[in-house]
Amino acid sequence: MIGNFFGFLSNDIGIDLGTANTLVFVRDRGIVLREPSVVARYKTSKKVCAVGADAKRMLGRTPGTIEALRPMKDGVIADFEISEAMLRYFIEKVDKRKLVPPRVVIAVPSGITAVEKRAVKDSAIRAGAREVLLLGEPMAASIGAGLPIDEEYANMIVDIGGGTTEVAIISISGVSYQRSIRVGGDELDESIIAYMKRAYGLLIGERTAEEIKFTVGSAAPLDTGEMTMDVRGRDATAGLPKTIHITSQEIREEALKEVVTQIVELVKNALDRCQPEHSADLIDRGIVLAGGGALIRGLDQVISDATGLTVIQADDPLCCVANGTGKFLDLLGTLSREQVDRLVTQ
Ligand code: ADP
Ligand code: MG
């Protein structure tokens, strides 16, 4: 009742504080904002001059006086001040001041420390939240993917983000196994940059590398036939613009394979370490993939081949965590204090 009352007067907010993208979910409205987790600031005064999409445009092509930074790089808070600036910017952007300040649920990478969690909470309070709850990213992803987290059966979620890949086994509203590696979609881009330089002496930037990944990137041979693409960059020796013709096969085998293998190993380790009952459950339940990295063609197949389990891609993997924070806001009114305590990360 109280919850409904507050709901009428305020816009409760869910935030997916990702290494690559921040998404904001407003209760009863859904995802209202999705912007890159990037902050641009003046080098000397440290004053923030742009956040989100505007700041990302400056990455790699900033004038000498401005630097563009990723506050959540590698799944830890790289810089408290710019993280706070980013959080404040996003909360203020969506919070159309109602009578009561919003309750804010924030999904954070599971690798962040207690001090970092405190900093995220304080930042959100300073940005106008009346209450802040933190959800571990795998828990938020599981709720977002519609997994029955309150059952005793175990479910495995693998969230492949920009800077990290997190694996977790969830049952009875708790996390029973969790690990993350500082490898994700960004690392794939870096491998493509290194490959183009090594194989063709071609220098390309992060944006071109990501585009190659989207267009021809794959983890397994493509049923539909291999693809090709022209890539433009700068010749490392001549210093002049150059175009190179590449195939999806070479990108997969020469550039992406190593990172894909690390993700597969993370999943295999989780299966190796989890409780035997949970292994048995996973035979029925399979593995759910979330995060932008879940969209790499054939990754589900590669993980399935390596583990013998069914692998399912979550609906809308890029929005899974944000949707989870939204569903959690809806659930809050129905949960006991103990249940909430089990779900949130303290
Ligand atoms: P985070 O939660 O860390 O912010 P996201 O879940 O938003 O990360 O995923 C971002 C990553 O997903 C980026 O590395 C991006 O390049 C990658 N990505 C997004 N769409 C695709 C796609 N269609 N194919 C491959 N990778 C993708
Ligand atoms: Mg994420």
# chains A, B, ... in the order shown; residues from 1 in each chain; ligands from 1

call {"tool": "select_by_dssp", "arguments": {"residues": "region 215-311 of chain A", "states": "alpha helix (DSSP H)", "output": "PyMOL selection string"}}
result
chain A and resi 215-216+248-250+257-273+276-285+299-307

call {"tool": "closest_atom_pairs", "arguments": {"of": "chain A", "to": "ligand 1", "cutoff": "8 Å", "atoms": "only C-alpha atoms and all ligand atoms", "output": "tab-separated table"}}
result
residue	atom	partner	partner_atom_place_in_ligand_line	distance
A:Asp16	CA	ligand 1	2 (O)	7.2
A:Leu17	CA	ligand 1	4 (O)	6.8
A:Gly18	CA	ligand 1	4 (O)	3.2
A:Thr19	CA	ligand 1	3 (O)	3.7
A:Ala20	CA	ligand 1	4 (O)	3.4
A:Asn21	CA	ligand 1	4 (O)	3.8
A:Thr22	CA	ligand 1	4 (O)	6.1
A:Pro36	CA	ligand 1	4 (O)	7.5
A:Ser37	CA	ligand 1	4 (O)	7.1
A:Gly75	CA	ligand 1	3 (O)	7.4
A:Asp159	CA	ligand 1	6 (O)	7.2
A:Ile160	CA	ligand 1	6 (O)	6.1
A:Gly161	CA	ligand 1	8 (O)	3.3
A:Gly162	CA	ligand 1	14 (O)	3.7
A:Gly163	CA	ligand 1	3 (O)	5.3
A:Thr164	CA	ligand 1	3 (O)	6.2
A:Gly184	CA	ligand 1	14 (O)	6.3
A:Gly185	CA	ligand 1	14 (O)	3.2
A:Asp186	CA	ligand 1	14 (O)	4.5
A:Glu187	CA	ligand 1	14 (O)	7.6
A:Leu188	CA	ligand 1	14 (O)	7.5
A:Asp189	CA	ligand 1	16 (O)	7.4
A:Glu210	CA	ligand 1	16 (O)	5.6
A:Lys213	CA	ligand 1	25 (C)	5.9
A:Phe214	CA	ligand 1	24 (N)	4.6
A:Thr215	CA	ligand 1	24 (N)	7.9
A:Gly217	CA	ligand 1	25 (C)	6.9
A:Ala290	CA	ligand 1	6 (O)	7.2
A:Gly291	CA	ligand 1	6 (O)	3.4
A:Gly292	CA	ligand 1	12 (O)	3.2
A:Gly293	CA	ligand 1	12 (O)	4.4
A:Ala294	CA	ligand 1	26 (N)	7.0
A:Leu295	CA	ligand 1	24 (N)	4.4
A:Ile296	CA	ligand 1	25 (C)	4.2
A:Arg297	CA	ligand 1	24 (N)	7.0
A:Pro317	CA	ligand 1	6 (O)	7.0
A:Leu318	CA	ligand 1	6 (O)	4.8
A:Cys319	CA	ligand 1	6 (O)	7.5
A:Val321	CA	ligand 1	2 (O)	7.8

call {"tool": "residues_around", "arguments": {"residues": "Gly52 (chain A)", "least_positions_apart": "5", "cutoff": "10 Å", "atoms": "only C-alpha atoms", "output": "number ranges by chain"}}
result
A: 21-22, 34-40, 57, 70, 86, 89-90

call {"tool": "closest_residue", "arguments": {"among": "A:Cys274, A:Glu250, A:Ala322, A:Arg126", "to": "ligand 2", "atoms": "only C-alpha atoms and all ligand atoms"}}
result
A:Ala322

call {"tool": "closest_residue", "arguments": {"among": "A:Ala219, A:Val158, A:Ile263, A:Leu69", "to": "ligand 2", "atoms": "only C-alpha atoms and all ligand atoms"}}
result
A:Val158

call {"tool": "residues_around", "arguments": {"residues": "Asp341 (chain A)", "least_positions_apart": "5", "cutoff": "10 Å", "atoms": "only C-alpha atoms", "output": "PyMOL selection string"}}
result
chain A and resi 133+173-174+335-336+346

call {"tool": "closest_residue", "arguments": {"among": "A:Ala140, A:Ile82, A:Ile149, A:Leu299", "to": "ligand 2", "atoms": "only C-alpha atoms and all ligand atoms"}}
result
A:Ala140

call {"tool": "select_by_dssp", "arguments": {"residues": "region 85-233 of chain A", "states": "strand (DSSP E)", "output": "short mmCIF file (atom, residue, chain, number, x, y, z; two decimals) with C-alpha atoms, in the first residue's frame"}}
result
data_model
loop_
_atom_site.label_atom_id
_atom_site.label_comp_id
_atom_site.auth_asym_id
_atom_site.auth_seq_id
_atom_site.Cartn_x
_atom_site.Cartn_y
_atom_site.Cartn_z
CA ARG A 103 13.78 4.95 -5.13
CA VAL A 104 16.70 3.79 -7.26
CA VAL A 105 17.80 0.22 -7.99
CA ILE A 106 21.27 0.03 -9.53
CA ALA A 107 22.76 -3.08 -11.12
CA VAL A 108 26.50 -3.11 -10.52
CA GLU A 131 16.60 5.10 -1.24
CA VAL A 132 19.20 3.08 -3.17
CA LEU A 133 19.34 -0.68 -3.56
CA LEU A 134 22.18 -2.43 -5.38
CA LEU A 135 21.61 -5.60 -7.38
CA GLY A 136 24.50 -7.76 -8.57
CA ASN A 155 20.01 -21.59 -13.30
CA MET A 156 23.18 -20.35 -14.93
CA ILE A 157 23.47 -16.90 -16.41
CA VAL A 158 26.43 -15.65 -18.45
CA ASP A 159 26.48 -11.90 -19.00
CA ILE A 160 28.98 -10.77 -21.60
CA THR A 165 32.03 -11.37 -18.56
CA GLU A 166 30.19 -12.56 -15.48
CA VAL A 167 28.97 -16.06 -14.82
CA ALA A 168 26.64 -16.92 -11.94
CA ILE A 169 24.55 -19.80 -10.71
CA ILE A 170 21.36 -18.66 -9.06
CA SER A 171 18.86 -20.60 -6.98
CA GLY A 174 20.52 -16.25 -4.04
CA VAL A 175 23.81 -16.48 -5.87
CA SER A 176 25.54 -19.79 -5.18
CA TYR A 177 28.49 -19.35 -7.51
CA GLN A 178 29.83 -16.26 -9.18
CA ARG A 179 32.93 -15.30 -11.08
CA SER A 180 33.88 -12.63 -13.52
CA ILE A 181 36.75 -11.97 -15.86
CA LEU A 202 46.55 -1.49 -41.23
CA LEU A 203 45.82 0.86 -38.34
CA THR A 228 33.36 -10.43 -46.45
CA MET A 229 33.87 -6.75 -45.79
CA ASP A 230 36.06 -3.85 -46.90
CA VAL A 231 37.93 -2.16 -44.06
CA ARG A 232 39.42 1.30 -44.29
CA GLY A 233 42.29 2.48 -42.16
#

call {"tool": "residues_around", "arguments": {"residues": "Glu277 (chain A)", "least_positions_apart": "4", "cutoff": "10 Å", "atoms": "only C-alpha atoms", "output": "ChimeraX atom specification"}}
result
/A:153-154,281-282
